[in-house]
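entry-v6.txt (compact mmCIF, C-alpha atoms and all ligand atoms)
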# COMPACT_ATOMS: atom_id res chain seq x y z
CA MET A 1 -17.38 34.16 -16.50
CA PRO A 2 -18.96 31.14 -14.83
CA HIS A 3 -16.74 28.36 -13.51
CA LYS A 4 -17.14 25.20 -15.55
CA VAL A 5 -17.41 22.09 -13.39
CA THR A 6 -17.94 18.47 -14.39
CA LEU A 7 -20.72 16.73 -12.47
CA ILE A 8 -20.73 12.92 -12.18
CA PRO A 9 -23.90 12.13 -10.21
CA GLY A 10 -22.91 8.53 -9.39
CA ASP A 11 -25.28 5.65 -8.59
CA GLY A 12 -26.93 4.09 -5.53
CA ILE A 13 -27.39 7.05 -3.17
CA GLY A 14 -25.09 9.08 -5.45
CA ARG A 15 -27.82 10.92 -7.31
CA GLU A 16 -29.60 12.00 -4.14
CA VAL A 17 -26.51 13.34 -2.38
CA SER A 18 -25.10 14.94 -5.56
CA LEU A 19 -28.37 16.76 -6.19
CA ALA A 20 -28.42 17.96 -2.57
CA ALA A 21 -24.83 19.24 -2.90
CA LEU A 22 -25.55 20.92 -6.22
CA ARG A 23 -28.58 22.76 -4.80
CA CYS A 24 -26.60 23.93 -1.75
CA ILE A 25 -23.66 25.11 -3.88
CA GLU A 26 -26.00 27.02 -6.18
CA ALA A 27 -27.67 28.66 -3.16
CA THR A 28 -24.35 30.33 -2.28
CA GLY A 29 -24.77 32.36 -5.47
CA VAL A 30 -21.52 31.18 -7.01
CA ASP A 31 -21.65 31.16 -10.81
CA ILE A 32 -21.06 27.58 -12.03
CA LYS A 33 -21.90 25.99 -15.36
CA TRP A 34 -22.24 22.24 -14.71
CA GLU A 35 -21.37 19.67 -17.34
CA GLU A 36 -23.10 16.40 -16.45
CA VAL A 37 -21.44 13.13 -17.50
CA PHE A 38 -22.03 9.52 -16.47
CA ALA A 39 -19.76 6.72 -15.28
CA GLY A 40 -20.31 3.24 -13.80
CA THR A 41 -23.24 0.94 -14.51
CA GLU A 42 -25.38 3.85 -15.66
CA ALA A 43 -22.81 4.72 -18.34
CA PHE A 44 -22.40 1.03 -19.22
CA ASP A 45 -26.13 0.69 -19.92
CA LYS A 46 -26.02 3.77 -22.20
CA THR A 47 -22.66 3.40 -23.94
CA GLY A 48 -21.26 -0.08 -23.23
CA GLU A 49 -18.39 1.48 -21.26
CA ILE A 50 -18.10 1.96 -17.52
CA LEU A 51 -15.73 4.89 -17.84
CA PRO A 52 -16.50 6.61 -21.16
CA GLN A 53 -13.74 8.80 -22.61
CA ALA A 54 -16.19 11.73 -22.42
CA VAL A 55 -15.93 11.65 -18.60
CA LEU A 56 -12.16 11.99 -18.59
CA ASP A 57 -12.24 14.56 -21.42
CA SER A 58 -14.75 16.66 -19.50
CA ILE A 59 -12.65 16.64 -16.29
CA ARG A 60 -9.45 17.37 -18.24
CA LYS A 61 -11.15 20.31 -19.94
CA ASN A 62 -12.86 21.79 -16.87
CA LYS A 63 -10.07 20.79 -14.45
CA VAL A 64 -12.53 20.25 -11.64
CA ALA A 65 -15.32 17.77 -10.94
CA LEU A 66 -17.88 16.96 -8.27
CA LYS A 67 -18.54 13.25 -8.15
CA GLY A 68 -21.14 11.09 -6.43
CA PRO A 69 -20.19 7.56 -5.30
CA ILE A 70 -20.21 4.74 -7.83
CA THR A 71 -20.84 1.05 -7.05
CA THR A 72 -18.06 -1.50 -7.61
CA PRO A 73 -19.04 -5.17 -7.78
CA ILE A 74 -17.15 -7.20 -5.14
CA GLY A 75 -14.95 -10.12 -6.22
CA THR A 76 -15.91 -10.22 -9.87
CA GLY A 77 -16.74 -7.73 -12.66
CA PHE A 78 -14.97 -4.44 -13.28
CA ARG A 79 -12.51 -2.84 -10.89
CA SER A 80 -13.48 0.41 -9.24
CA VAL A 81 -14.42 3.25 -11.61
CA ASN A 82 -13.52 5.57 -8.76
CA VAL A 83 -9.97 4.26 -8.67
CA ALA A 84 -9.82 4.28 -12.50
CA ILE A 85 -10.68 8.00 -12.63
CA ARG A 86 -7.99 8.82 -10.04
CA GLN A 87 -5.41 6.82 -11.98
CA ALA A 88 -6.33 8.10 -15.46
CA LEU A 89 -6.05 11.72 -14.34
CA GLU A 90 -3.08 11.19 -12.00
CA LEU A 91 -5.07 12.53 -9.05
CA PHE A 92 -2.26 11.45 -6.79
CA ALA A 93 -3.30 13.07 -3.52
CA CYS A 94 -6.44 12.15 -1.65
CA VAL A 95 -7.20 14.77 1.00
CA ARG A 96 -9.80 13.97 3.64
CA PRO A 97 -10.41 16.44 6.47
CA VAL A 98 -11.83 14.85 9.64
CA LYS A 99 -13.55 17.40 11.82
CA SER A 100 -15.91 17.35 14.81
CA TYR A 101 -19.12 19.35 14.54
CA ALA A 102 -20.99 20.56 17.61
CA GLY A 103 -24.32 18.77 17.69
CA ILE A 104 -23.16 15.50 16.14
CA LYS A 105 -23.10 12.62 18.56
CA SER A 106 -19.70 10.99 18.49
CA ARG A 107 -17.13 9.59 20.88
CA PHE A 108 -14.89 12.66 20.72
CA ASN A 109 -15.20 16.43 20.39
CA ASP A 110 -12.79 18.90 18.84
CA ILE A 111 -11.11 16.51 16.46
CA ASP A 112 -9.49 18.32 13.57
CA LEU A 113 -7.12 16.20 11.53
CA VAL A 114 -6.47 15.64 7.84
CA ILE A 115 -5.76 12.40 6.03
CA ILE A 116 -3.45 12.58 3.03
CA ARG A 117 -3.60 9.29 1.14
CA GLU A 118 -1.34 8.38 -1.77
CA ASN A 119 -3.77 7.69 -4.58
CA SER A 120 -1.81 6.34 -7.53
CA GLU A 121 -0.12 3.08 -6.57
CA ASP A 122 0.10 0.37 -3.88
CA LEU A 123 -2.36 -2.56 -4.08
CA TYR A 124 -4.87 -0.27 -5.80
CA MET A 125 -2.98 -0.42 -9.10
CA GLY A 126 -5.07 -3.51 -9.81
CA ILE A 127 -2.13 -5.65 -10.88
CA GLU A 128 -3.47 -9.07 -10.02
CA PHE A 129 -2.94 -12.66 -11.00
CA GLU A 130 -5.99 -14.89 -10.78
CA GLN A 131 -5.76 -18.22 -8.98
CA GLY A 132 -5.22 -21.15 -11.35
CA LYS A 133 -4.30 -19.13 -14.48
CA PRO A 134 -1.14 -20.17 -16.39
CA GLU A 135 0.46 -16.72 -15.91
CA THR A 136 -0.16 -17.00 -12.17
CA LYS A 137 1.56 -20.40 -12.06
CA ALA A 138 4.48 -18.97 -14.05
CA LEU A 139 4.77 -16.02 -11.66
CA ILE A 140 4.68 -18.33 -8.63
CA ALA A 141 7.44 -20.47 -10.16
CA GLN A 142 9.56 -17.37 -10.85
CA ILE A 143 9.09 -15.99 -7.33
CA GLU A 144 9.97 -19.35 -5.78
CA LYS A 145 13.11 -19.48 -7.89
CA ASP A 146 14.17 -15.92 -6.96
CA THR A 147 13.24 -15.91 -3.28
CA LYS A 148 13.51 -19.58 -2.30
CA LYS A 149 10.15 -19.15 -0.57
CA ASN A 150 7.16 -21.37 -1.25
CA ILE A 151 3.85 -20.00 -2.38
CA ARG A 152 0.87 -22.37 -2.29
CA PRO A 153 0.12 -23.31 -5.92
CA ASP A 154 -3.58 -22.50 -5.53
CA SER A 155 -2.85 -18.85 -4.61
CA GLY A 156 -4.08 -15.65 -6.24
CA ILE A 157 -1.57 -12.80 -6.22
CA SER A 158 -1.94 -9.02 -5.96
CA ILE A 159 1.05 -6.77 -6.54
CA LYS A 160 1.92 -3.82 -4.31
CA PRO A 161 4.25 -1.36 -6.07
CA ILE A 162 5.43 1.68 -4.09
CA SER A 163 7.88 3.97 -5.87
CA LYS A 164 10.37 6.66 -4.86
CA PHE A 165 8.74 9.04 -7.34
CA ALA A 166 5.16 8.73 -6.06
CA THR A 167 6.24 8.75 -2.41
CA ASP A 168 8.34 11.87 -2.83
CA ARG A 169 5.42 13.54 -4.63
CA ILE A 170 2.83 12.70 -1.94
CA ALA A 171 5.19 13.44 0.97
CA ARG A 172 5.98 16.88 -0.48
CA PHE A 173 2.27 17.45 -1.00
CA ALA A 174 1.57 16.55 2.66
CA PHE A 175 4.26 18.82 4.10
CA GLU A 176 3.36 21.71 1.81
CA TYR A 177 -0.31 21.21 2.66
CA ALA A 178 0.62 21.32 6.36
CA LEU A 179 2.53 24.58 5.92
CA LYS A 180 -0.15 26.23 3.81
CA ASN A 181 -2.93 25.24 6.19
CA ARG A 182 -1.05 26.18 9.38
CA ARG A 183 -0.81 22.60 10.56
CA LYS A 184 1.97 21.62 12.95
CA LYS A 185 2.69 17.96 12.46
CA VAL A 186 2.78 15.22 9.81
CA THR A 187 2.62 11.58 10.92
CA CYS A 188 3.75 8.99 8.37
CA VAL A 189 1.75 5.75 8.77
CA HIS A 190 3.32 2.52 7.49
CA LYS A 191 4.06 -1.16 8.08
CA ALA A 192 7.77 -0.89 7.29
CA ASN A 193 8.69 -3.47 9.91
CA ILE A 194 7.10 -6.18 7.72
CA MET A 195 7.08 -4.76 4.17
CA LYS A 196 10.61 -3.44 4.06
CA PHE A 197 10.85 -2.78 0.33
CA THR A 198 7.48 -1.07 -0.14
CA ASP A 199 6.41 0.53 3.13
CA GLY A 200 10.09 0.72 4.05
CA LEU A 201 10.69 2.80 0.93
CA PHE A 202 7.64 4.95 1.65
CA LEU A 203 9.05 5.70 5.11
CA LYS A 204 12.61 6.31 3.92
CA ILE A 205 11.58 8.81 1.23
CA THR A 206 9.15 10.53 3.58
CA ARG A 207 11.92 10.93 6.17
CA GLU A 208 14.09 12.60 3.52
CA VAL A 209 11.33 15.04 2.58
CA ALA A 210 10.59 15.66 6.28
CA ARG A 211 14.18 16.84 6.80
CA GLU A 212 13.59 19.67 4.32
CA PHE A 213 10.73 20.89 6.51
CA ASP A 214 12.65 20.47 9.76
CA GLY A 215 11.95 23.34 12.19
CA ARG A 216 8.74 24.20 10.37
CA ILE A 217 6.66 21.00 10.55
CA ILE A 218 7.06 18.30 13.21
CA PHE A 219 7.52 14.81 11.79
CA GLU A 220 6.39 11.56 13.43
CA GLU A 221 6.15 7.93 12.36
CA ALA A 222 3.57 5.30 13.33
CA ILE A 223 3.02 1.66 12.45
CA VAL A 224 -0.46 1.28 10.98
CA ASP A 225 -1.84 -1.27 13.48
CA ASN A 226 -0.71 0.85 16.42
CA MET A 227 -2.10 3.91 14.63
CA ALA A 228 -5.55 2.29 14.46
CA MET A 229 -5.46 1.81 18.24
CA GLN A 230 -4.04 5.27 18.98
CA LEU A 231 -6.71 6.94 16.86
CA VAL A 232 -9.58 5.41 18.79
CA VAL A 233 -7.94 6.22 22.14
CA LYS A 234 -6.34 9.65 21.64
CA PRO A 235 -7.19 11.09 18.22
CA HIS A 236 -6.43 14.64 19.40
CA LYS A 237 -2.72 13.81 19.25
CA TYR A 238 -2.82 13.83 15.44
CA ASP A 239 -2.77 16.59 12.89
CA VAL A 240 -1.89 15.52 9.31
CA LEU A 241 -1.67 11.77 8.60
CA LEU A 242 0.27 10.66 5.53
CA LEU A 243 -0.48 7.13 4.33
CA PRO A 244 0.03 4.80 1.37
CA ASN A 245 -3.12 3.99 -0.59
CA LEU A 246 -4.59 0.95 1.21
CA TYR A 247 -3.97 2.13 4.78
CA GLY A 248 -5.29 5.54 3.75
CA ASP A 249 -8.54 3.95 2.62
CA ILE A 250 -9.03 1.97 5.82
CA ILE A 251 -7.95 4.70 8.24
CA SER A 252 -10.26 7.18 6.45
CA ASP A 253 -13.30 5.14 7.42
CA LEU A 254 -11.99 4.69 10.96
CA CYS A 255 -11.54 8.47 11.28
CA ALA A 256 -15.00 9.11 9.82
CA GLY A 257 -16.31 6.93 12.64
CA LEU A 258 -14.59 9.16 15.20
CA VAL A 259 -16.56 12.24 14.19
CA GLY A 260 -20.02 10.85 13.47
CA GLY A 261 -19.73 8.37 10.62
CA LEU A 262 -19.43 8.23 6.85
CA GLY A 263 -22.29 10.67 6.43
CA VAL A 264 -20.06 13.57 7.50
CA ALA A 265 -16.70 12.77 5.84
CA PRO A 266 -15.76 14.76 2.71
CA GLY A 267 -12.82 14.27 0.38
CA ALA A 268 -10.80 15.56 -2.56
CA ASN A 269 -8.61 13.81 -5.13
CA ILE A 270 -6.03 16.28 -6.33
CA GLY A 271 -3.58 16.08 -9.23
CA THR A 272 -1.24 18.51 -10.89
CA ASP A 273 -3.81 19.61 -13.47
CA SER A 274 -7.22 18.66 -12.13
CA ALA A 275 -9.19 17.64 -9.05
CA VAL A 276 -12.25 15.51 -8.29
CA PHE A 277 -14.25 16.11 -5.12
CA GLU A 278 -16.24 13.29 -3.55
CA ALA A 279 -17.44 11.99 -0.21
CA VAL A 280 -15.49 9.24 1.56
CA HIS A 281 -18.59 7.03 1.60
CA GLY A 282 -19.72 4.72 -1.16
CA SER A 283 -23.02 4.26 -2.96
CA ALA A 284 -24.80 2.49 -0.04
CA PRO A 285 -27.10 0.66 -2.51
CA LYS A 286 -29.52 -0.50 0.20
CA TYR A 287 -30.58 3.12 0.76
CA LYS A 288 -30.92 4.03 -2.92
CA GLY A 289 -33.95 6.15 -3.78
CA GLN A 290 -35.19 6.37 -0.19
CA ASN A 291 -34.38 10.04 0.45
CA LYS A 292 -32.79 8.83 3.69
CA VAL A 293 -29.01 9.25 3.77
CA ASN A 294 -26.98 12.20 5.00
CA PRO A 295 -25.99 14.68 2.25
CA MET A 296 -23.43 16.42 4.51
CA ALA A 297 -20.31 14.57 3.30
CA MET A 298 -21.15 15.39 -0.29
CA ILE A 299 -22.03 19.02 0.50
CA LEU A 300 -18.77 19.43 2.45
CA SER A 301 -16.94 17.95 -0.55
CA GLY A 302 -18.63 20.73 -2.54
CA ALA A 303 -17.23 23.26 -0.06
CA LEU A 304 -13.73 21.82 -0.59
CA MET A 305 -14.33 22.22 -4.31
CA LEU A 306 -15.35 25.85 -3.86
CA ARG A 307 -12.11 26.53 -1.99
CA TYR A 308 -10.18 24.84 -4.79
CA ILE A 309 -11.74 27.16 -7.40
CA LYS A 310 -10.98 30.07 -5.04
CA GLU A 311 -14.61 30.78 -4.13
CA VAL A 312 -13.63 30.94 -0.46
CA ALA A 313 -16.55 33.17 0.66
CA ALA A 314 -19.05 30.74 -0.89
CA ALA A 315 -17.27 27.79 0.76
CA GLU A 316 -17.45 29.52 4.15
CA LYS A 317 -21.15 30.29 3.66
CA LEU A 318 -21.77 26.62 2.95
CA GLU A 319 -19.69 25.34 5.86
CA ASN A 320 -21.28 27.81 8.30
CA ALA A 321 -24.78 26.89 7.15
CA ILE A 322 -24.02 23.20 7.74
CA LYS A 323 -22.56 23.99 11.17
CA GLU A 324 -25.70 25.90 12.15
CA VAL A 325 -28.10 23.21 10.95
CA VAL A 326 -26.16 20.52 12.78
CA ALA A 327 -25.85 22.57 15.98
CA GLU A 328 -29.61 23.28 15.99
CA GLY A 329 -30.21 19.54 15.72
CA LYS A 330 -33.65 19.83 14.11
CA SER A 331 -33.24 18.98 10.42
CA LEU A 332 -30.94 15.98 10.62
CA THR A 333 -30.89 12.62 8.86
CA TYR A 334 -31.19 9.36 10.84
CA ASP A 335 -27.43 8.82 11.22
CA LEU A 336 -26.97 12.07 13.15
CA LYS A 337 -29.69 11.38 15.70
CA ALA A 338 -29.06 9.56 18.98
CA ASP A 339 -32.04 7.35 18.08
CA PRO A 340 -32.29 6.62 14.33
CA LEU A 341 -36.04 6.01 14.82
CA ASP A 342 -36.48 9.51 16.28
CA PRO A 343 -39.72 10.82 14.66
CA THR A 344 -38.04 14.19 13.97
CA VAL A 345 -35.54 12.59 11.56
CA VAL A 346 -35.64 14.25 8.11
CA GLY A 347 -34.65 13.02 4.65
CA THR A 348 -31.73 13.92 2.37
CA LYS A 349 -33.69 16.61 0.56
CA GLU A 350 -35.09 18.18 3.72
CA MET A 351 -31.65 18.43 5.34
CA ALA A 352 -30.38 20.12 2.18
CA ASP A 353 -33.43 22.46 2.28
CA ALA A 354 -32.52 23.46 5.86
CA ILE A 355 -28.91 24.19 4.83
CA ILE A 356 -30.11 26.26 1.86
CA LYS A 357 -32.40 28.24 4.15
CA LYS A 358 -29.43 29.08 6.39
CA ILE A 359 -27.31 30.11 3.39
CA ARG A 360 -30.04 32.48 2.22
CA HIS A 361 -30.77 33.85 5.69
P1 LIG B 1 -20.77 2.66 1.79
O1 LIG B 1 -19.93 3.80 2.22
O2 LIG B 1 -21.53 2.82 0.54
O3 LIG B 1 -21.84 2.32 2.93
C1 LIG B 1 -21.54 1.69 4.15
C2 LIG B 1 -22.59 2.11 5.18
O4 LIG B 1 -22.28 3.41 5.64
C3 LIG B 1 -24.00 2.23 4.63
O5 LIG B 1 -24.69 1.02 4.64
C4 LIG B 1 -24.61 3.23 5.57
O6 LIG B 1 -25.00 2.59 6.76
C5 LIG B 1 -23.44 4.15 5.87
N1 LIG B 1 -23.44 5.33 5.00
C6 LIG B 1 -22.71 5.54 3.88
N2 LIG B 1 -22.96 6.74 3.37
C7 LIG B 1 -23.86 7.32 4.18
C8 LIG B 1 -24.53 8.58 4.19
N3 LIG B 1 -24.31 9.51 3.25
N4 LIG B 1 -25.42 8.83 5.18
C9 LIG B 1 -25.65 7.94 6.13
N5 LIG B 1 -25.07 6.73 6.20
C10 LIG B 1 -24.17 6.43 5.22
O7 LIG B 1 -19.81 1.37 1.74
P2 LIG B 1 -20.03 -0.06 1.10
O8 LIG B 1 -21.39 -0.56 1.44
O9 LIG B 1 -18.85 -0.82 1.48
O10 LIG B 1 -19.96 0.20 -0.47
C11 LIG B 1 -21.09 0.29 -1.34
C12 LIG B 1 -20.57 0.47 -2.76
O11 LIG B 1 -19.91 1.74 -2.89
C13 LIG B 1 -19.53 -0.58 -3.17
O12 LIG B 1 -19.78 -0.96 -4.50
C14 LIG B 1 -18.21 0.16 -3.07
O13 LIG B 1 -17.23 -0.36 -3.93
C15 LIG B 1 -18.63 1.56 -3.49
N6 LIG B 1 -17.74 2.62 -3.00
C16 LIG B 1 -17.58 3.69 -3.81
C17 LIG B 1 -16.81 4.76 -3.39
C18 LIG B 1 -16.66 5.94 -4.29
O14 LIG B 1 -17.47 6.13 -5.18
N7 LIG B 1 -15.65 6.76 -4.11
C19 LIG B 1 -16.21 4.74 -2.11
C20 LIG B 1 -16.42 3.64 -1.29
C21 LIG B 1 -17.20 2.59 -1.73

Once more with this new file: its structure as structure tokens, please.
Amino acid sequence: MPHKVTLIPGDGIGREVSLAALRCIEATGVDIKWEEVFAGTEAFDKTGEILPQAVLDSIRKNKVALKGPITTPIGTGFRSVNVAIRQALELFACVRPVKSYAGIKSRFNDIDLVIIRENSEDLYMGIEFEQGKPETKALIAQIEKDTKKNIRPDSGISIKPISKFATDRIARFAFEYALKNRRKKVTCVHKANIMKFTDGLFLKITREVAREFDGRIIFEEAIVDNMAMQLVVKPHKYDVLLLPNLYGDIISDLCAGLVGGLGVAPGANIGTDSAVFEAVHGSAPKYKGQNKVNPMAMILSGALMLRYIKEVAAAEKLENAIKEVVAEGKSLTYDLKADPLDPTVVGTKEMADAIIKKIRH
């Protein structure tokens, strides 16, 4: 019986990297029946909706999806489709392995850490009050009454809910992940010194969960600004990082930068019933259709997906093929070369071709 997997190609560079990942996954010989569905502007043009019900239905049915990045307009227009999918399916855990590969120029070698980002709440819930609207003025008046603090009347407001329930769920996920994957330490990243009732709660609940794993997993705490500095100075100190949604987003990009950039950073969004696998990077619209960007993050996301559907041998084949191609240093996209204008730079498709050749070798 083939595995059934939903494929959301995405937009911008999404199509190119998704196609590269799909070809590499198929080369492993694993039996997958893909169900292609569309979200974002592409879906809007076809159906008038940015996140058609068919997309969610398909993921719910198949329980697993591979997704290319989707563009989100900044400031105005719809909120992120990417975030909407995670929320609609309760994909509460975002797992992003950060790993050094021999052959990739980067500031550090031998980094091997994992980011676990809470995916369901925090400022990403999209609860916002627009500047100047009557409901915003009413909220400001209510807050001033309750807190005796002044908010400038021309403010916009975004709400940051962090709950006991969601923190307990993600903290448990992080510690169990650490145990299962033979990791030693979980570091909880927060700003509890300033946001006592949100980050403070996140830290308190995480400490409680940590006690249950005492003697099995080491627990540490770090304030997010210090964490940013520590990571660029001594990233080897860290193992599993557990973060609320916003810090998780920002620190993910920082960590990608430690091991060679966004082109090499894969990710998974995992819920109780289903999972969506996607690169950390976005749709990089300026590179759309140029056969230029690195497909590695998307292909590695495919390898995470293969592990999730218990096709471990296929995942290893894929990961080893990538390792070999990168170590050889011949068929690499511009971002992995010391000089991006190096005449030996290859395109997205050609790097995928080289990986496929290794898989078949
Ligand atoms: P981005 O990740 O798309 O690109 C930032 C820069 O990183 C690019 O200009 C490029 O230099 C580099 N880069 C990214 N992917 C690369 C790759 N595969 N190979 C080589 N270099 C790569 O970030 P952005 O420009 O801030 O966002 C563009 C759009 O993507 C926005 O609309 C944003 O909302 C969206 N986005 C979507 C997702 C998602 O689908 N999960 C994630 C992040 C951003």

Check: Counting all atoms listed in the file, which protein, DNA or RNA residues come within 6 Å of ligand LIG 1 (chain B), given as a PyMOL selection string?
Finding: chain A and resi 69-73+82+262-263+280-284+293-295+335

Notebook entry, point to check: Near stretch 88-93 of chain A, counting only C-alpha atoms, which residues have an atom at most 10 Å away, once you skip same-chain residues fewer than 3 positions from it, shown as a PyMOL selection string?
Noted result: chain A and resi 56-57+59-60+63+83-85+96+115-121+166-167+169-171+173-174+245+268-276

Written file, previous selection with C-alpha atoms, as a compact mmCIF listing (two decimals), in the coordinates of the input:
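The result, stored in result.txt:
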# COMPACT_ATOMS: atom_id res chain seq x y z
CA LEU A 56 -12.16 11.99 -18.59
CA ASP A 57 -12.24 14.56 -21.42
CA ILE A 59 -12.65 16.64 -16.29
CA ARG A 60 -9.45 17.37 -18.24
CA LYS A 63 -10.07 20.79 -14.45
CA VAL A 83 -9.97 4.26 -8.67
CA ALA A 84 -9.82 4.28 -12.50
CA ILE A 85 -10.68 8.00 -12.63
CA ARG A 96 -9.80 13.97 3.64
CA ILE A 115 -5.76 12.40 6.03
CA ILE A 116 -3.45 12.58 3.03
CA ARG A 117 -3.60 9.29 1.14
CA GLU A 118 -1.34 8.38 -1.77
CA ASN A 119 -3.77 7.69 -4.58
CA SER A 120 -1.81 6.34 -7.53
CA GLU A 121 -0.12 3.08 -6.57
CA ALA A 166 5.16 8.73 -6.06
CA THR A 167 6.24 8.75 -2.41
CA ARG A 169 5.42 13.54 -4.63
CA ILE A 170 2.83 12.70 -1.94
CA ALA A 171 5.19 13.44 0.97
CA PHE A 173 2.27 17.45 -1.00
CA ALA A 174 1.57 16.55 2.66
CA ASN A 245 -3.12 3.99 -0.59
CA ALA A 268 -10.80 15.56 -2.56
CA ASN A 269 -8.61 13.81 -5.13
CA ILE A 270 -6.03 16.28 -6.33
CA GLY A 271 -3.58 16.08 -9.23
CA THR A 272 -1.24 18.51 -10.89
CA ASP A 273 -3.81 19.61 -13.47
CA SER A 274 -7.22 18.66 -12.13
CA ALA A 275 -9.19 17.64 -9.05
CA VAL A 276 -12.25 15.51 -8.29

Notebook entry, point to check: Which distance in Å separates atom CA of A:Gly40 and atom CA of A:Val81, to one decimal?
Noted result: 6.3 Å

Check: Which neighbours of stretch 306-308 of chain A fall inside 10 Å, counting all atoms listed in the file, when residues of the same chain fewer than 2 positions from it are skipped, and could you give them as a PyMOL selection string?
Finding: chain A and resi 25+30+64+268+270+275+277+300-304+310-316+318

Next item on the list: Identify which of the residues A:Lys286, A:His3, A:Lys99, A:Lys105 lies closest to A:Glu26, counting all atoms listed in the file when measuring atom-to-atom distances.
Entry: A:His3

Check: Could you pull the residues within 8 Å of A:Val186, counting all atoms listed in the file, minus those fewer than 4 positions along the same chain, as a PyMOL selection string?
Finding: chain A and resi 174-175+178+217-220+239-242

Next item on the list: For A:Val37, please output as a PyMOL selection string all residues within 9 Å (counting all atoms listed in the file; exclusion window: fewer than 4 positions along the same chain).
Entry: chain A and resi 6-9+43+52+54-55+58

Kindly export the residues of the current selection with C-alpha atoms, as a compact mmCIF listing (two decimals), in the coordinates of the input.
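Output contents, as saved in out14.txt:
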# COMPACT_ATOMS: atom_id res chain seq x y z
CA THR A 6 -17.94 18.47 -14.39
CA LEU A 7 -20.72 16.73 -12.47
CA ILE A 8 -20.73 12.92 -12.18
CA PRO A 9 -23.90 12.13 -10.21
CA ALA A 43 -22.81 4.72 -18.34
CA PRO A 52 -16.50 6.61 -21.16
CA ALA A 54 -16.19 11.73 -22.42
CA VAL A 55 -15.93 11.65 -18.60
CA SER A 58 -14.75 16.66 -19.50

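For the residues A:Glu130, A:Asp199, A:Glu221, A:Glu49, ranking by smallest atom-to-atom distance to A:Ile162 using all atoms listed in the file places A:Asp199 first.
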
Counting only C-alpha atoms, which residues of stretch 71-189 of chain A fall within 8 Å of stretch 193-198 of chain A, and what is the closest atom pair for each with its distance in Å at one decimal, ordered by chain and rising number, as CSV?
residue,atom,partner,partner_atom,distance
A:Lys160,CA,A:Thr198,CA,7.5
A:Pro161,CA,A:Thr198,CA,6.8
A:Ile162,CA,A:Thr198,CA,5.2
A:Ser163,CA,A:Thr198,CA,7.6

Item checked: Distance query A:Gln131 at most 12 Å, all atoms listed in the file, self and fewer than 5 positions along chain excluded, as a ChimeraX atom specification -> /A:136-140,151-158

Could the residues in this selection be written to a file with C-alpha atoms, as a short mmCIF file (atom, residue, chain, number, x, y, z; two decimals), keeping the file's coordinate frame?
data_model
loop_
_atom_site.label_atom_id
_atom_site.label_comp_id
_atom_site.auth_asym_id
_atom_site.auth_seq_id
_atom_site.Cartn_x
_atom_site.Cartn_y
_atom_site.Cartn_z
CA THR A 136 -0.16 -17.00 -12.17
CA LYS A 137 1.56 -20.40 -12.06
CA ALA A 138 4.48 -18.97 -14.05
CA LEU A 139 4.77 -16.02 -11.66
CA ILE A 140 4.68 -18.33 -8.63
CA ILE A 151 3.85 -20.00 -2.38
CA ARG A 152 0.87 -22.37 -2.29
CA PRO A 153 0.12 -23.31 -5.92
CA ASP A 154 -3.58 -22.50 -5.53
CA SER A 155 -2.85 -18.85 -4.61
CA GLY A 156 -4.08 -15.65 -6.24
CA ILE A 157 -1.57 -12.80 -6.22
CA SER A 158 -1.94 -9.02 -5.96
#

Note to self: Distance cut-off 12 Å, centre (-17.8, 11.5, 12.4) in file coordinates, counting all atoms listed in the file: which residues qualify? Return them as an MDAnalysis selection string.
What the structure shows: chainID A and resid 97:113 252:266 280:281 294 296:297 335:336

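Atom CA of A:Ile13 to atom CA of A:Gly248 spans 23.2 Å [interatomic distance, one decimal].
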
Next item on the list: Determine the nearest neighbour of A:Val325 from the options A:Leu341, A:Ile309, A:Ala352, A:Ala20, counting all atoms listed in the file.
Entry: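 Distance minimum relative to A:Val325 lands on A:Ala352.
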
Checklist line | Nearest residue to A:Leu22 from the set A:Lys191, A:Arg79, A:Lys133, A:Lys67 (distances using all atoms listed in the file) | finding: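 Smallest distance to A:Leu22 is found for A:Lys67.
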
Note to self: What's the separation between atom CA of A:Thr333 and atom CA of A:Glu16, in Å to one decimal place?
What the structure shows: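 Computing the Euclidean distance for atom CA of A:Thr333 and atom CA of A:Glu16 yields 13.1 Å.
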